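**Q** This one is input.tsv, TSV, C-alpha atoms.
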```
chain	number	residue	atom	x	y	z
A	16	MET	CA	4.67	-10.46	-72.28
A	17	SER	CA	3.83	-9.78	-68.63
A	18	TRP	CA	3.86	-6.21	-67.34
A	19	HIS	CA	6.96	-6.84	-65.21
A	20	ALA	CA	8.95	-8.93	-67.69
A	21	GLU	CA	11.57	-6.24	-68.35
A	22	ASP	CA	12.23	-5.70	-64.64
A	23	LEU	CA	13.95	-8.69	-63.04
A	24	ILE	CA	13.60	-7.31	-59.53
A	25	MET	CA	9.85	-6.74	-59.82
A	26	THR	CA	9.54	-10.16	-61.47
A	27	ARG	CA	11.22	-11.67	-58.41
A	28	LEU	CA	8.72	-9.92	-56.14
A	29	VAL	CA	5.77	-11.13	-58.20
A	30	GLU	CA	7.07	-14.70	-58.21
A	31	THR	CA	7.85	-14.70	-54.47
A	32	ILE	CA	5.07	-12.74	-52.79
A	33	ILE	CA	1.40	-13.68	-52.51
A	34	ALA	CA	-0.53	-11.46	-54.91
A	35	PRO	CA	-2.22	-8.43	-53.31
A	36	VAL	CA	-6.01	-8.49	-53.35
A	37	VAL	CA	-8.25	-5.83	-54.85
A	38	SER	CA	-9.80	-3.50	-52.28
A	39	SER	CA	-13.42	-4.22	-51.38
A	40	GLN	CA	-13.99	-0.78	-49.85
A	41	THR	CA	-16.49	1.24	-51.91
A	42	ASP	CA	-17.27	4.22	-49.65
A	43	LEU	CA	-14.83	6.92	-50.79
A	44	TYR	CA	-15.74	9.35	-48.02
A	45	VAL	CA	-14.95	6.74	-45.36
A	46	GLY	CA	-11.84	5.73	-47.30
A	47	LEU	CA	-10.60	9.31	-47.22
A	48	LEU	CA	-11.21	9.53	-43.48
A	49	GLU	CA	-9.19	6.34	-43.04
A	50	SER	CA	-6.33	7.72	-45.16
A	51	VAL	CA	-6.13	10.88	-43.05
A	52	ILE	CA	-6.23	8.90	-39.81
A	53	SER	CA	-3.39	6.72	-41.17
A	54	GLN	CA	-1.09	9.65	-41.95
A	55	GLN	CA	2.36	9.27	-40.30
A	56	LEU	CA	1.31	6.17	-38.35
A	57	SER	CA	2.34	2.55	-38.57
A	58	VAL	CA	-0.24	0.24	-40.12
A	59	LYS	CA	-0.93	-1.43	-36.76
A	60	VAL	CA	-1.49	1.82	-34.86
A	61	ALA	CA	-3.54	3.31	-37.70
A	62	ASP	CA	-5.82	0.26	-37.77
A	63	ILE	CA	-6.41	0.48	-34.02
A	64	ILE	CA	-7.26	4.18	-34.05
A	65	TYR	CA	-9.45	3.85	-37.13
A	66	ALA	CA	-11.40	1.00	-35.49
A	67	ARG	CA	-11.88	3.12	-32.36
A	68	PHE	CA	-13.03	6.03	-34.51
A	69	CYS	CA	-15.65	3.96	-36.34
A	70	GLY	CA	-16.74	2.49	-33.02
A	71	LEU	CA	-17.90	5.93	-31.91
A	72	PHE	CA	-20.77	5.81	-34.39
A	73	GLU	CA	-23.87	3.70	-34.88
A	74	ASN	CA	-23.16	0.65	-37.05
A	75	ASN	CA	-19.52	1.82	-37.20
A	76	ASN	CA	-20.64	4.32	-39.84
A	77	PRO	CA	-19.12	7.82	-39.36
A	78	LEU	CA	-21.80	9.84	-41.15
A	79	ALA	CA	-20.65	13.39	-41.86
A	80	GLU	CA	-23.30	15.03	-39.71
A	81	GLN	CA	-22.46	12.76	-36.79
A	82	VAL	CA	-18.74	13.41	-37.14
A	83	LEU	CA	-19.37	17.16	-37.01
A	84	LEU	CA	-21.50	16.79	-33.88
A	85	THR	CA	-18.97	14.66	-32.00
A	86	ASP	CA	-17.16	16.44	-29.18
A	87	THR	CA	-13.49	17.24	-29.73
A	88	GLU	CA	-12.38	15.59	-26.51
A	89	LYS	CA	-14.24	12.42	-27.44
A	90	LEU	CA	-12.38	12.30	-30.74
A	91	ARG	CA	-9.08	13.06	-29.02
A	92	SER	CA	-9.69	10.29	-26.48
A	93	ILE	CA	-9.33	7.55	-29.12
A	94	GLY	CA	-5.83	8.69	-30.10
A	95	LEU	CA	-6.45	11.38	-32.69
A	96	SER	CA	-4.35	14.53	-32.54
A	97	GLY	CA	-6.09	17.90	-32.45
A	98	GLN	CA	-4.86	18.52	-35.98
A	99	LYS	CA	-6.34	15.28	-37.29
A	100	VAL	CA	-9.64	16.06	-35.59
A	101	ASN	CA	-9.75	19.28	-37.60
A	102	TYR	CA	-8.84	17.45	-40.81
A	103	ILE	CA	-11.58	14.88	-40.26
A	104	ARG	CA	-14.12	17.63	-39.72
A	105	ASN	CA	-12.89	19.37	-42.88
A	106	ILE	CA	-13.55	16.18	-44.84
A	107	ALA	CA	-17.02	15.78	-43.33
A	108	THR	CA	-17.90	19.39	-44.18
A	109	PHE	CA	-16.61	19.01	-47.75
A	110	HIS	CA	-18.53	15.75	-48.15
A	111	GLN	CA	-21.77	17.49	-47.19
A	112	GLN	CA	-21.21	20.12	-49.88
A	113	TYR	CA	-19.54	18.00	-52.56
A	114	PRO	CA	-20.33	14.31	-51.94
A	115	ILE	CA	-17.18	12.18	-52.07
A	116	THR	CA	-18.72	9.23	-53.89
A	117	MET	CA	-17.74	6.82	-56.64
A	118	ASP	CA	-20.53	8.13	-58.87
A	119	ARG	CA	-19.26	11.71	-58.57
A	120	LEU	CA	-15.58	10.94	-59.08
A	121	ALA	CA	-15.54	7.94	-61.43
A	122	SER	CA	-15.47	10.05	-64.60
A	123	LEU	CA	-12.52	12.19	-63.43
A	124	THR	CA	-8.89	11.44	-64.20
A	125	ASP	CA	-6.45	10.60	-61.40
A	126	GLU	CA	-5.00	14.11	-61.45
A	127	GLU	CA	-8.44	15.73	-61.53
A	128	ILE	CA	-9.42	13.78	-58.41
A	129	ILE	CA	-6.19	14.81	-56.69
A	130	THR	CA	-6.81	18.47	-57.56
A	131	HIS	CA	-10.44	18.26	-56.40
A	132	LEU	CA	-9.81	16.62	-53.03
A	133	THR	CA	-6.64	18.45	-52.06
A	134	GLN	CA	-8.83	21.54	-51.73
A	135	ILE	CA	-9.65	20.07	-48.31
A	136	LYS	CA	-7.24	21.36	-45.68
A	137	GLY	CA	-5.31	18.38	-44.33
A	138	VAL	CA	-5.73	16.27	-47.45
A	139	GLY	CA	-2.52	16.09	-49.45
A	140	ARG	CA	-1.46	14.31	-52.60
A	141	TRP	CA	-0.38	11.11	-50.80
A	142	THR	CA	-3.72	10.88	-48.99
A	143	VAL	CA	-5.67	11.08	-52.25
A	144	GLN	CA	-3.32	8.61	-53.89
A	145	MET	CA	-4.21	6.08	-51.18
A	146	LEU	CA	-7.86	6.65	-52.04
A	147	LEU	CA	-7.12	6.12	-55.72
A	148	MET	CA	-5.14	2.95	-55.08
A	149	PHE	CA	-7.50	1.23	-52.68
A	150	PRO	CA	-11.20	2.15	-52.66
A	151	MET	CA	-11.04	3.28	-56.29
A	152	ASN	CA	-8.61	0.58	-57.48
A	153	ARG	CA	-7.06	2.91	-60.06
A	154	PRO	CA	-4.33	0.85	-61.79
A	155	ASP	CA	-1.47	3.26	-62.39
A	156	ILE	CA	-0.76	5.27	-59.23
A	157	PHE	CA	2.81	5.85	-58.04
A	158	PRO	CA	2.90	7.44	-54.55
A	159	ILE	CA	6.55	8.47	-54.59
A	160	ASP	CA	6.16	10.36	-51.29
A	161	ASP	CA	5.29	7.13	-49.46
A	162	LEU	CA	8.22	6.33	-47.16
A	163	ILE	CA	7.91	2.54	-47.49
A	164	ILE	CA	7.78	2.71	-51.28
A	165	ARG	CA	10.93	4.85	-51.36
A	166	GLN	CA	12.77	2.66	-48.86
A	167	SER	CA	11.86	-0.51	-50.73
A	168	MET	CA	12.96	0.87	-54.09
A	169	VAL	CA	16.21	2.29	-52.73
A	170	GLU	CA	17.09	-1.03	-51.13
A	171	LEU	CA	15.96	-3.39	-53.87
A	172	TYR	CA	17.22	-1.33	-56.81
A	173	LYS	CA	20.40	-0.16	-55.05
A	174	VAL	CA	19.61	3.50	-55.63
A	175	ASN	CA	22.34	5.89	-54.46
A	176	GLU	CA	20.91	9.24	-55.54
A	177	THR	CA	19.49	11.77	-53.06
A	178	GLY	CA	17.17	14.78	-53.21
A	179	LYS	CA	15.75	15.66	-56.61
A	180	GLU	CA	17.96	13.08	-58.31
A	181	LEU	CA	16.44	10.40	-56.09
A	182	HIS	CA	12.91	11.33	-57.19
A	183	LYS	CA	14.03	11.37	-60.81
A	184	ARG	CA	15.63	7.93	-60.51
A	185	LEU	CA	12.63	6.38	-58.78
A	186	HIS	CA	10.31	7.74	-61.47
A	187	GLU	CA	12.59	6.25	-64.13
A	188	ILE	CA	12.38	2.83	-62.48
A	189	ALA	CA	8.60	3.07	-62.06
A	190	GLU	CA	8.16	3.89	-65.76
A	191	ARG	CA	8.76	0.20	-66.48
A	192	TRP	CA	5.67	-0.76	-64.50
A	193	LYS	CA	3.17	1.34	-66.44
A	194	PRO	CA	0.22	0.96	-66.64
A	195	ASN	CA	0.35	-1.21	-63.49
A	196	ARG	CA	2.22	0.98	-61.03
A	197	THR	CA	-0.48	0.50	-58.37
A	198	LEU	CA	0.05	-3.25	-58.37
A	199	ALA	CA	3.84	-2.83	-58.39
A	200	CYS	CA	3.64	-0.58	-55.32
A	201	LYS	CA	1.47	-3.11	-53.50
A	202	TYR	CA	4.21	-5.68	-54.09
A	203	LEU	CA	6.79	-3.20	-52.78
A	204	TRP	CA	4.76	-2.68	-49.61
A	205	ARG	CA	4.47	-6.42	-49.11
A	206	SER	CA	8.18	-6.89	-49.71
A	207	ARG	CA	8.84	-5.22	-46.33
A	208	ASP	CA	7.03	-8.04	-44.53
A	209	LYS	CA	9.60	-9.96	-42.46
A	210	LYS	CA	8.58	-13.29	-43.97
A	211	TYR	CA	9.59	-12.04	-47.43
A	212	LEU	CA	12.72	-9.99	-46.70
A	213	LEU	CA	15.29	-12.70	-47.45
A	214	LEU	CA	13.32	-14.14	-50.33
A	215	VAL	CA	13.06	-10.89	-52.28
A	216	GLN	CA	16.70	-9.79	-52.16
A	217	PRO	CA	17.73	-9.11	-55.77
A	218	THR	CA	20.06	-11.47	-57.60
A	219	GLN	CA	23.30	-10.18	-59.13
A	220	ASP	CA	21.67	-10.42	-62.59
A	221	ALA	CA	18.85	-8.17	-61.47
A	222	ILE	CA	21.28	-5.65	-59.97
A	223	THR	CA	23.33	-5.63	-63.16
A	224	GLN	CA	20.17	-4.95	-65.15
A	225	ILE	CA	19.47	-1.67	-63.38
A	226	VAL	CA	23.00	-0.24	-63.20
```
Could I get this structure in the form of structure tokens?
**A**
Amino acid sequence: MSWHAEDLIMTRLVETIIAPVVSSQTDLYVGLLESVISQQLSVKVADIIYARFCGLFENNNPLAEQVLLTDTEKLRSIGLSGQKVNYIRNIATFHQQYPITMDRLASLTDEEIITHLTQIKGVGRWTVQMLLMFPMNRPDIFPIDDLIIRQSMVELYKVNETGKELHKRLHEIAERWKPNRTLACKYLWRSRDKKYLLLVQPTQDAITQIV
């Protein structure tokens, strides 16, 4: 039985949407910088600013020591807020002391990695979850604080709860996807693409299943 067989709505997404690819990024330090730069930005804007950021450094490689030596105004000039400049420097400083590498983190559990990296001011749970989902390709991450994930689930699963009850309901739905919640969330992100919006609307049978 497939991992999504008991969820007709997720099955519809899987059958309709082109399968997400596995991340090829292997540099966790750079991946964490990218996650922080992406905070509260659209994908398009985040990609532009991240490209500008990398372009400040030789071979597009933002080595920690070079990041720390880069002038604040130069970093601000590419579209980074003063707060994000500080966060990026915090990551670079932490990386110098405790290298953020696959070798160092591979043996830790998801929650241990979250606890370890959220010591860095400016790095929250969502930011580390993005690192776990993409560069690290951890299979069972559910970033419930991601706005697009919540919006997609509320719309597709016709969720009416709010506040704490909303979180509880979304977790209940996501339980069906274990141990593949990362993949399920990638389908949810893709479901917001305009070319899929009409195709992924749930059938009445799927809606009845979740009531």
**Q** Nearest to Val45 in chain A among A:Thr31, A:Thr116, A:Thr108, A:Ser92, with distances taken over all atoms listed in the file: which residue is it?
**A**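 Under the stated criterion, the closest residue is A:Thr116.
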**Q** From the set A:Met145, A:Leu43, A:Leu185, A:Ile64, which residue has the shortest atom-to-atom contact distance to Leu171 in chain A, counting only C-alpha atoms?
**A** A:Leu185
**Q** Extending 3 Å beyond the listed atoms of range 82-93 of chain A on each side, what axis-aligned box results? I want centre and edge lengths in Å to one decimal, as lines of an AutoDock Vina configuration file.
**A**
```
center_x = -15.3
center_y = 12.4
center_z = -31.8
size_x = 18.4
size_y = 15.7
size_z = 16.7
```
**Q** When distances are computed from all atoms listed in the file, which of A:Ile33, A:Leu198, A:Leu23, A:Val51 shows the smallest separation from Met148 in chain A?
**A**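 Going through A:Ile33, A:Leu198, A:Leu23, A:Val51 one by one, the smallest distance to Met148 in chain A is for A:Leu198.
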**Q** Write out as a count of residues only which residues come within 7 Å of Ile115 in chain A when counting all atoms listed in the file, dropping same-chain ones fewer than 2 positions away.
**A** 5
**Q** Which value, in Å to one decimal, gives the distance between CA of Gln81 in chain A and CA of Gln40 in chain A?
**A** 20.6 Å
**Q** Using all atoms listed in the file, which of the listed residues (A:Ala107, A:Val82, A:Ala189, A:Asn195) sits closest to Arg165 in chain A?
**A**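 Closest candidate: A:Ala189.
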**Q** List the neighbours of Tyr65 in chain A out to 12 Å using only C-alpha atoms; skip same-chain residues closer than 4 positions along the sequence, and give me the result as a list in words.
**A**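 Residues near the query, excluding close chain neighbours: Val45, Gly46, Leu47, Leu48, Glu49, Ser50, Val51, Ile52, Ser53, Gln54, Leu56, Ser57, Val58, Lys59, Val60, Ala61, Cys69, Gly70, Leu71, Phe72, Asn75, Asn76, Pro77, Leu90, Ile93, Gly94, Leu95, Lys99 and Ile103 of chain A.
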**Q** Include C-alpha atoms and write out the residues we just selected as a JSON list (two decimals), in the frame of the given file.
**A**
```json
[["chain", "number", "residue", "atom", "x", "y", "z"],
["A", 45, "VAL", "CA", -14.95, 6.74, -45.36],
["A", 46, "GLY", "CA", -11.84, 5.73, -47.30],
["A", 47, "LEU", "CA", -10.60, 9.31, -47.22],
["A", 48, "LEU", "CA", -11.21, 9.53, -43.48],
["A", 49, "GLU", "CA", -9.19, 6.34, -43.04],
["A", 50, "SER", "CA", -6.33, 7.72, -45.16],
["A", 51, "VAL", "CA", -6.13, 10.88, -43.05],
["A", 52, "ILE", "CA", -6.23, 8.90, -39.81],
["A", 53, "SER", "CA", -3.39, 6.72, -41.17],
["A", 54, "GLN", "CA", -1.09, 9.65, -41.95],
["A", 56, "LEU", "CA", 1.31, 6.17, -38.35],
["A", 57, "SER", "CA", 2.34, 2.55, -38.57],
["A", 58, "VAL", "CA", -0.24, 0.24, -40.12],
["A", 59, "LYS", "CA", -0.93, -1.43, -36.76],
["A", 60, "VAL", "CA", -1.49, 1.82, -34.86],
["A", 61, "ALA", "CA", -3.54, 3.31, -37.70],
["A", 69, "CYS", "CA", -15.65, 3.96, -36.34],
["A", 70, "GLY", "CA", -16.74, 2.49, -33.02],
["A", 71, "LEU", "CA", -17.90, 5.93, -31.91],
["A", 72, "PHE", "CA", -20.77, 5.81, -34.39],
["A", 75, "ASN", "CA", -19.52, 1.82, -37.20],
["A", 76, "ASN", "CA", -20.64, 4.32, -39.84],
["A", 77, "PRO", "CA", -19.12, 7.82, -39.36],
["A", 90, "LEU", "CA", -12.38, 12.30, -30.74],
["A", 93, "ILE", "CA", -9.33, 7.55, -29.12],
["A", 94, "GLY", "CA", -5.83, 8.69, -30.10],
["A", 95, "LEU", "CA", -6.45, 11.38, -32.69],
["A", 99, "LYS", "CA", -6.34, 15.28, -37.29],
["A", 103, "ILE", "CA", -11.58, 14.88, -40.26]]
```
**Q** State, in Å with one decimal place, the distance from CA of Ile129 in chain A to CA of Ile156 in chain A.
**A**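 These atoms are spaced 11.3 Å apart.
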**Q** When you draw a straight line from CA of Ile135 in chain A to CA of Leu78 in chain A, how long is it in Å?
**A**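 Separation between CA of Ile135 in chain A and CA of Leu78 in chain A: 17.4 Å.
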**Q** Show me, as a list in words, the residues that have an atom within 12 Å of Arg184 in chain A when counting all atoms listed in the file, minus same-chain residues fewer than 6 positions from it.
**A** Ile159, Arg165, Met168, Val169, Tyr172, Lys173, Val174, Asn175, Glu176, Thr177, Gly178, Glu190, Arg191, Ile225 and Val226 of chain A
**Q** Anything within 8 Å of (-10.9, 4.8, -55.8): list those residues as number ranges by chain, counting all atoms listed in the file and sticking to the file's coordinates.
**A** A: 41, 43, 117, 121, 146-153
**Q** Go through A:Thr85, A:Trp204, A:Asn74, A:Gln55 and flag the residue nearest Trp141 in chain A, using only C-alpha atoms for the distances.
**A**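 Of A:Thr85, A:Trp204, A:Asn74, A:Gln55, the one nearest Trp141 in chain A is A:Gln55, counting only C-alpha atoms.
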**Q** Pick from A:Val138, A:Glu73, A:Ile128, A:Ile32: nearest to Asn101 in chain A, with all atoms listed in the file counted?
**A**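 So, comparing all the options, the nearest one is A:Val138.
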